[in-house]
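Asker: Sharing a structure, written as structure tokens. Questions coming.
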Amino acid sequence: MGVLGLLVWALIADTTYHLHAAYGWVMFVSIFFWIVTVLFFVTYLLQLQLRFYVIPWPLVLMIFNAVATVLYITAFVTCAAAVQPTSWRQWDYNRRAAASFFAGLTMIAYGVSTFFSFRAWKGFGSNAATSQVTDHT
């Protein structure tokens, strides 16, 4: 998701997005969720979630992914609707169309992550090893 989100905002940032107000929302959503996704990745990479065991991490990730999915739906629709095929700058059209495509892929990726985060939160598919690691009673 991090790479897909990076592609969304990098492609839009390389256009004259400031001339179209709709792309401001897309840039906000894509950059915000890219940064937070990278922070979650670093947290899990360094296993910092084990130090903060009072935080219900599966629930936090499920809520984050659900919110990201909903906001990426709005960003995808906004980005796709704002693409003008009659643009006088052909490279802007190509980059905006590609950004719309990757916003759709990112939306799907966050949706799938929401599903798996929900399963982790409910405990579906867990085994004895994972329940022993995360159980700090």
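By order in the structure tokens, chains are A, B, ...; within a chain, residues start at 1; ligands start at 1, following the order shown.
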May I have the residues within 6 Å of range 11-14 of chain A as a tab-separated table (two decimals) with N, CA, C and O atoms, in the first residue's frame, using only C-alpha atoms and disregarding those fewer than 3 positions away in the same chain?
Answerer:
chain	number	residue	atom	x	y	z
A	7	LEU	N	2.88	6.25	-5.38
A	7	LEU	CA	2.65	6.49	-6.81
A	7	LEU	C	1.51	7.47	-7.04
A	7	LEU	O	1.59	8.32	-7.93
A	8	VAL	N	0.45	7.38	-6.24
A	8	VAL	CA	-0.69	8.28	-6.40
A	8	VAL	C	-0.25	9.72	-6.22
A	8	VAL	O	-0.44	10.58	-7.09
A	95	ARG	N	-0.57	11.33	-16.53
A	95	ARG	CA	-0.21	11.16	-15.12
A	95	ARG	C	-1.45	11.15	-14.23
A	95	ARG	O	-1.52	10.39	-13.26
A	99	ALA	N	-2.65	8.16	-11.97
A	99	ALA	CA	-2.90	8.38	-10.55
A	99	ALA	C	-4.29	7.86	-10.17
A	99	ALA	O	-4.46	7.28	-9.08
Asker: Find the residues near Thr15 in chain A: any atom within 12 Å, counting only C-alpha atoms, skip ones fewer than 2 places away on the same chain, and give them as a PyMOL selection string.
Answerer: chain A and resi 8-13+17-20+23-24+27+83+87+89-99
Asker: Go ahead and save the residues from that selection, with C-alpha atoms, as an mmCIF file, in the first residue's frame.
Answerer:
data_model
loop_
_atom_site.group_PDB
_atom_site.id
_atom_site.type_symbol
_atom_site.label_atom_id
_atom_site.label_comp_id
_atom_site.auth_asym_id
_atom_site.auth_seq_id
_atom_site.Cartn_x
_atom_site.Cartn_y
_atom_site.Cartn_z
ATOM 1 C CA VAL A 8 -0.687 8.282 -6.401
ATOM 2 C CA TRP A 9 0.697 11.431 -4.844
ATOM 3 C CA ALA A 10 3.933 11.424 -6.850
ATOM 4 C CA LEU A 11 2.038 11.247 -10.151
ATOM 5 C CA ILE A 12 -0.303 14.050 -9.147
ATOM 6 C CA ALA A 13 2.495 16.163 -7.702
ATOM 7 C CA TYR A 17 -2.596 19.993 -9.752
ATOM 8 C CA HIS A 18 -2.758 23.395 -8.063
ATOM 9 C CA LEU A 19 -4.962 24.619 -10.924
ATOM 10 C CA HIS A 20 -7.662 22.092 -9.996
ATOM 11 C CA TYR A 23 -6.617 17.328 -6.616
ATOM 12 C CA GLY A 24 -5.965 19.047 -3.288
ATOM 13 C CA MET A 27 -3.110 14.880 -2.431
ATOM 14 C CA VAL A 83 -9.279 13.761 -15.292
ATOM 15 C CA SER A 87 -6.294 18.623 -21.539
ATOM 16 C CA ARG A 89 -1.021 19.144 -21.689
ATOM 17 C CA GLN A 90 -1.024 15.485 -22.684
ATOM 18 C CA TRP A 91 1.507 14.461 -20.002
ATOM 19 C CA ASP A 92 -0.806 15.865 -17.293
ATOM 20 C CA TYR A 93 -3.645 13.741 -18.636
ATOM 21 C CA ASN A 94 -1.500 10.599 -18.657
ATOM 22 C CA ARG A 95 -0.215 11.162 -15.121
ATOM 23 C CA ARG A 96 -3.652 12.001 -13.752
ATOM 24 C CA ALA A 97 -5.166 8.937 -15.402
ATOM 25 C CA ALA A 98 -2.373 6.782 -13.968
ATOM 26 C CA ALA A 99 -2.904 8.378 -10.547
#
Asker: Could you check which of A:Leu105, A:Val70, A:Val60, A:Ala75 is closest to Ala120 in chain A, using only C-alpha atoms?
Answerer: A:Val60
Asker: Could you tell me how far CA of Ile108 in chain A sits from CA of Leu50 in chain A, in Å to one decimal place?
Answerer: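 Between CA of Leu50 in chain A and CA of Ile108 in chain A the gap is 28.7 Å.
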Asker: For Ala68 in chain A, which residue among A:Gly104, A:Pro85, A:Gly111, A:Gly123 is the nearest when counting only C-alpha atoms?
Answerer: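 Nearest candidate to Ala68 in chain A out of A:Gly104, A:Pro85, A:Gly111, A:Gly123: A:Gly111.
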Asker: For a quick check of understanding, using only C-alpha atoms, which of A:Tyr44, A:Ala66, A:Leu71, A:Thr37 has the smallest distance to Val112 in chain A?
Answerer: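 Nearest candidate to Val112 in chain A out of A:Tyr44, A:Ala66, A:Leu71, A:Thr37: A:Ala66.
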Asker: I need the residues in chain A that are alpha helix (DSSP H) according to DSSP; give them as a short mmCIF file (atom, residue, chain, number, x, y, z; two decimals) with N, CA and C atoms, in the first residue's frame.
Answerer:
data_model
loop_
_atom_site.label_atom_id
_atom_site.label_comp_id
_atom_site.auth_asym_id
_atom_site.auth_seq_id
_atom_site.Cartn_x
_atom_site.Cartn_y
_atom_site.Cartn_z
N GLY A 2 2.00 1.14 0.65
CA GLY A 2 2.88 2.30 0.70
C GLY A 2 3.38 2.70 -0.68
N VAL A 3 3.75 1.71 -1.48
CA VAL A 3 4.24 2.00 -2.83
C VAL A 3 3.11 2.54 -3.70
N LEU A 4 1.92 1.95 -3.58
CA LEU A 4 0.79 2.42 -4.37
C LEU A 4 0.40 3.85 -3.99
N GLY A 5 0.36 4.13 -2.67
CA GLY A 5 0.05 5.49 -2.22
C GLY A 5 1.09 6.49 -2.67
N LEU A 6 2.35 6.05 -2.63
CA LEU A 6 3.44 6.91 -3.12
C LEU A 6 3.25 7.24 -4.59
N LEU A 7 2.88 6.25 -5.38
CA LEU A 7 2.65 6.49 -6.81
C LEU A 7 1.51 7.47 -7.04
N VAL A 8 0.45 7.38 -6.24
CA VAL A 8 -0.69 8.28 -6.40
C VAL A 8 -0.25 9.72 -6.22
N TRP A 9 0.38 10.02 -5.08
CA TRP A 9 0.70 11.43 -4.84
C TRP A 9 1.89 11.90 -5.67
N ALA A 10 2.81 11.01 -6.01
CA ALA A 10 3.93 11.42 -6.85
C ALA A 10 3.47 11.76 -8.27
N LEU A 11 2.55 10.97 -8.80
CA LEU A 11 2.04 11.25 -10.15
C LEU A 11 1.26 12.55 -10.19
N ILE A 12 0.46 12.80 -9.17
CA ILE A 12 -0.30 14.05 -9.15
C ILE A 12 0.61 15.24 -8.88
N ALA A 13 1.59 15.05 -8.02
CA ALA A 13 2.49 16.16 -7.70
C ALA A 13 3.30 16.61 -8.92
N ALA A 22 -9.90 19.94 -6.96
CA ALA A 22 -10.21 18.54 -6.61
C ALA A 22 -8.95 17.76 -6.26
N TYR A 23 -7.84 18.08 -6.88
CA TYR A 23 -6.62 17.33 -6.62
C TYR A 23 -6.01 17.65 -5.25
N GLY A 24 -6.42 18.74 -4.64
CA GLY A 24 -5.96 19.05 -3.29
C GLY A 24 -6.42 17.98 -2.30
N TRP A 25 -7.68 17.54 -2.44
CA TRP A 25 -8.20 16.48 -1.59
C TRP A 25 -7.47 15.16 -1.83
N VAL A 26 -7.24 14.85 -3.09
CA VAL A 26 -6.55 13.61 -3.42
C VAL A 26 -5.13 13.63 -2.86
N MET A 27 -4.47 14.76 -2.97
CA MET A 27 -3.11 14.88 -2.43
C MET A 27 -3.12 14.72 -0.91
N PHE A 28 -4.09 15.35 -0.23
CA PHE A 28 -4.18 15.24 1.22
C PHE A 28 -4.36 13.78 1.63
N VAL A 29 -5.33 13.10 1.03
CA VAL A 29 -5.62 11.71 1.40
C VAL A 29 -4.40 10.83 1.12
N SER A 30 -3.83 10.96 -0.06
CA SER A 30 -2.73 10.07 -0.43
C SER A 30 -1.48 10.32 0.41
N ILE A 31 -1.14 11.56 0.65
CA ILE A 31 0.07 11.84 1.46
C ILE A 31 -0.15 11.47 2.92
N PHE A 32 -1.32 11.82 3.47
CA PHE A 32 -1.59 11.52 4.88
C PHE A 32 -1.53 10.01 5.14
N PHE A 33 -2.24 9.24 4.32
CA PHE A 33 -2.26 7.80 4.56
C PHE A 33 -0.95 7.13 4.19
N TRP A 34 -0.20 7.72 3.27
CA TRP A 34 1.13 7.17 2.97
C TRP A 34 2.04 7.34 4.19
N ILE A 35 2.02 8.52 4.80
CA ILE A 35 2.87 8.77 5.98
C ILE A 35 2.47 7.86 7.14
N VAL A 36 1.17 7.75 7.41
CA VAL A 36 0.72 6.92 8.53
C VAL A 36 1.02 5.45 8.26
N THR A 37 0.87 5.01 7.02
CA THR A 37 1.19 3.62 6.68
C THR A 37 2.67 3.34 6.88
N VAL A 38 3.52 4.27 6.49
CA VAL A 38 4.96 4.10 6.72
C VAL A 38 5.26 4.07 8.21
N LEU A 39 4.58 4.89 9.00
CA LEU A 39 4.79 4.87 10.46
C LEU A 39 4.36 3.53 11.06
N PHE A 40 3.22 3.00 10.63
CA PHE A 40 2.80 1.68 11.11
C PHE A 40 3.79 0.60 10.67
N PHE A 41 4.30 0.70 9.46
CA PHE A 41 5.27 -0.27 8.97
C PHE A 41 6.54 -0.24 9.83
N VAL A 42 7.04 0.94 10.12
CA VAL A 42 8.24 1.06 10.96
C VAL A 42 7.96 0.55 12.37
N THR A 43 6.76 0.83 12.88
CA THR A 43 6.39 0.35 14.22
C THR A 43 6.44 -1.17 14.27
N TYR A 44 5.87 -1.82 13.27
CA TYR A 44 5.88 -3.28 13.25
C TYR A 44 7.24 -3.85 12.89
N LEU A 45 7.99 -3.15 12.05
CA LEU A 45 9.32 -3.61 11.68
C LEU A 45 10.24 -3.63 12.90
N TRP A 57 -3.73 -3.25 19.19
CA TRP A 57 -3.19 -3.01 17.85
C TRP A 57 -4.06 -3.57 16.73
N PRO A 58 -4.61 -4.77 16.86
CA PRO A 58 -5.48 -5.24 15.77
C PRO A 58 -6.69 -4.34 15.55
N LEU A 59 -7.27 -3.83 16.63
CA LEU A 59 -8.40 -2.90 16.50
C LEU A 59 -7.97 -1.58 15.88
N VAL A 60 -6.83 -1.07 16.30
CA VAL A 60 -6.30 0.18 15.75
C VAL A 60 -6.06 0.04 14.25
N LEU A 61 -5.44 -1.06 13.85
CA LEU A 61 -5.17 -1.28 12.42
C LEU A 61 -6.45 -1.46 11.63
N MET A 62 -7.45 -2.14 12.21
CA MET A 62 -8.71 -2.32 11.51
C MET A 62 -9.40 -0.98 11.29
N ILE A 63 -9.43 -0.14 12.30
CA ILE A 63 -10.06 1.18 12.18
C ILE A 63 -9.29 2.03 11.17
N PHE A 64 -7.97 2.00 11.26
CA PHE A 64 -7.15 2.77 10.32
C PHE A 64 -7.42 2.32 8.89
N ASN A 65 -7.41 1.02 8.64
CA ASN A 65 -7.63 0.52 7.29
C ASN A 65 -9.03 0.81 6.79
N ALA A 66 -10.02 0.74 7.68
CA ALA A 66 -11.40 1.05 7.27
C ALA A 66 -11.54 2.52 6.90
N VAL A 67 -10.97 3.40 7.70
CA VAL A 67 -11.02 4.84 7.40
C VAL A 67 -10.26 5.14 6.11
N ALA A 68 -9.11 4.50 5.95
CA ALA A 68 -8.32 4.70 4.73
C ALA A 68 -9.10 4.23 3.51
N THR A 69 -9.80 3.12 3.63
CA THR A 69 -10.59 2.61 2.51
C THR A 69 -11.68 3.61 2.12
N VAL A 70 -12.42 4.10 3.10
CA VAL A 70 -13.51 5.04 2.81
C VAL A 70 -12.98 6.33 2.20
N LEU A 71 -11.91 6.87 2.76
CA LEU A 71 -11.38 8.12 2.23
C LEU A 71 -10.71 7.93 0.88
N TYR A 72 -10.12 6.75 0.66
CA TYR A 72 -9.55 6.48 -0.66
C TYR A 72 -10.63 6.27 -1.71
N ILE A 73 -11.82 5.81 -1.30
CA ILE A 73 -12.95 5.75 -2.25
C ILE A 73 -13.27 7.16 -2.74
N THR A 74 -13.34 8.10 -1.81
CA THR A 74 -13.64 9.49 -2.20
C THR A 74 -12.51 10.07 -3.04
N ALA A 75 -11.27 9.76 -2.68
CA ALA A 75 -10.13 10.27 -3.45
C ALA A 75 -10.10 9.68 -4.85
N PHE A 76 -10.40 8.38 -4.96
CA PHE A 76 -10.42 7.73 -6.27
C PHE A 76 -11.50 8.34 -7.16
N VAL A 77 -12.69 8.50 -6.62
CA VAL A 77 -13.79 9.07 -7.41
C VAL A 77 -13.47 10.51 -7.80
N THR A 78 -12.93 11.28 -6.87
CA THR A 78 -12.56 12.66 -7.16
C THR A 78 -11.48 12.74 -8.23
N CYS A 79 -10.47 11.91 -8.10
CA CYS A 79 -9.36 11.91 -9.05
C CYS A 79 -9.83 11.48 -10.43
N ALA A 80 -10.63 10.43 -10.48
CA ALA A 80 -11.11 9.93 -11.77
C ALA A 80 -12.05 10.92 -12.44
N ALA A 81 -12.88 11.59 -11.65
CA ALA A 81 -13.81 12.56 -12.22
C ALA A 81 -13.12 13.82 -12.71
N ALA A 82 -11.97 14.14 -12.11
CA ALA A 82 -11.27 15.36 -12.48
C ALA A 82 -10.34 15.20 -13.67
N GLN A 90 -0.80 16.93 -22.61
CA GLN A 90 -1.02 15.48 -22.68
C GLN A 90 -0.36 14.73 -21.53
N TRP A 91 0.82 15.17 -21.08
CA TRP A 91 1.51 14.46 -20.00
C TRP A 91 0.73 14.61 -18.69
N ASP A 92 0.04 15.74 -18.48
CA ASP A 92 -0.81 15.87 -17.29
C ASP A 92 -1.95 14.86 -17.33
N TYR A 93 -2.55 14.71 -18.50
CA TYR A 93 -3.65 13.74 -18.64
C TYR A 93 -3.16 12.33 -18.33
N ASN A 94 -2.03 11.95 -18.88
CA ASN A 94 -1.50 10.60 -18.66
C ASN A 94 -1.19 10.36 -17.18
N ARG A 95 -0.57 11.33 -16.53
CA ARG A 95 -0.21 11.16 -15.12
C ARG A 95 -1.45 11.15 -14.23
N ARG A 96 -2.42 11.99 -14.55
CA ARG A 96 -3.65 12.00 -13.75
C ARG A 96 -4.44 10.72 -13.95
N ALA A 97 -4.48 10.21 -15.16
CA ALA A 97 -5.17 8.94 -15.40
C ALA A 97 -4.46 7.80 -14.67
N ALA A 98 -3.13 7.81 -14.69
CA ALA A 98 -2.37 6.78 -13.97
C ALA A 98 -2.59 6.92 -12.46
N ALA A 99 -2.65 8.16 -11.97
CA ALA A 99 -2.90 8.38 -10.55
C ALA A 99 -4.29 7.86 -10.17
N SER A 100 -5.27 8.02 -11.04
CA SER A 100 -6.61 7.48 -10.78
C SER A 100 -6.57 5.96 -10.70
N PHE A 101 -5.85 5.35 -11.61
CA PHE A 101 -5.71 3.89 -11.61
C PHE A 101 -5.07 3.41 -10.31
N PHE A 102 -3.97 4.03 -9.91
CA PHE A 102 -3.28 3.61 -8.70
C PHE A 102 -4.08 3.95 -7.44
N ALA A 103 -4.88 5.01 -7.49
CA ALA A 103 -5.77 5.31 -6.36
C ALA A 103 -6.80 4.20 -6.21
N GLY A 104 -7.30 3.68 -7.33
CA GLY A 104 -8.22 2.56 -7.28
C GLY A 104 -7.57 1.31 -6.71
N LEU A 105 -6.35 1.03 -7.13
CA LEU A 105 -5.62 -0.12 -6.58
C LEU A 105 -5.34 0.05 -5.09
N THR A 106 -4.99 1.27 -4.69
CA THR A 106 -4.73 1.53 -3.28
C THR A 106 -5.99 1.36 -2.45
N MET A 107 -7.11 1.83 -3.00
CA MET A 107 -8.40 1.66 -2.33
C MET A 107 -8.70 0.18 -2.12
N ILE A 108 -8.48 -0.63 -3.14
CA ILE A 108 -8.71 -2.07 -3.03
C ILE A 108 -7.76 -2.70 -2.01
N ALA A 109 -6.50 -2.27 -2.03
CA ALA A 109 -5.52 -2.82 -1.08
C ALA A 109 -5.90 -2.50 0.36
N TYR A 110 -6.34 -1.27 0.62
CA TYR A 110 -6.79 -0.93 1.97
C TYR A 110 -8.06 -1.70 2.33
N GLY A 111 -8.93 -1.94 1.37
CA GLY A 111 -10.12 -2.73 1.64
C GLY A 111 -9.78 -4.16 2.03
N VAL A 112 -8.85 -4.76 1.31
CA VAL A 112 -8.41 -6.12 1.64
C VAL A 112 -7.72 -6.13 3.02
N SER A 113 -6.94 -5.11 3.30
CA SER A 113 -6.29 -5.02 4.61
C SER A 113 -7.32 -4.85 5.73
N THR A 114 -8.41 -4.14 5.43
CA THR A 114 -9.48 -4.01 6.41
C THR A 114 -10.07 -5.38 6.73
N PHE A 115 -10.30 -6.18 5.70
CA PHE A 115 -10.84 -7.52 5.90
C PHE A 115 -9.91 -8.36 6.77
N PHE A 116 -8.63 -8.37 6.44
CA PHE A 116 -7.69 -9.17 7.22
C PHE A 116 -7.47 -8.60 8.62
N SER A 117 -7.53 -7.29 8.76
CA SER A 117 -7.42 -6.68 10.09
C SER A 117 -8.63 -7.05 10.95
N PHE A 118 -9.79 -7.10 10.32
CA PHE A 118 -10.99 -7.53 11.05
C PHE A 118 -10.84 -8.97 11.53
N ARG A 119 -10.32 -9.83 10.66
CA ARG A 119 -10.11 -11.23 11.04
C ARG A 119 -9.10 -11.33 12.18
N ALA A 120 -8.04 -10.53 12.14
CA ALA A 120 -7.05 -10.55 13.21
C ALA A 120 -7.64 -10.02 14.52
N TRP A 121 -8.47 -9.00 14.41
CA TRP A 121 -9.10 -8.42 15.59
C TRP A 121 -10.05 -9.41 16.25
N LYS A 122 -10.82 -10.13 15.45
CA LYS A 122 -11.76 -11.12 15.97
C LYS A 122 -11.07 -12.42 16.36
N ALA A 128 -1.88 -20.92 18.45
CA ALA A 128 -1.38 -20.82 19.82
C ALA A 128 -0.14 -19.93 19.91
N ALA A 129 0.70 -19.96 18.88
CA ALA A 129 1.93 -19.16 18.92
C ALA A 129 1.61 -17.68 18.89
N THR A 130 0.69 -17.25 18.03
CA THR A 130 0.39 -15.82 17.96
C THR A 130 -0.38 -15.35 19.17
N SER A 131 -1.23 -16.19 19.74
CA SER A 131 -1.97 -15.77 20.92
C SER A 131 -1.06 -15.68 22.14
N GLN A 132 0.00 -16.45 22.19
CA GLN A 132 0.93 -16.38 23.31
C GLN A 132 1.79 -15.12 23.24
N VAL A 133 2.12 -14.69 22.04
CA VAL A 133 2.97 -13.52 21.88
C VAL A 133 2.23 -12.24 22.23
N THR A 134 0.97 -12.15 21.86
CA THR A 134 0.25 -10.90 22.04
C THR A 134 -0.56 -10.86 23.32
#
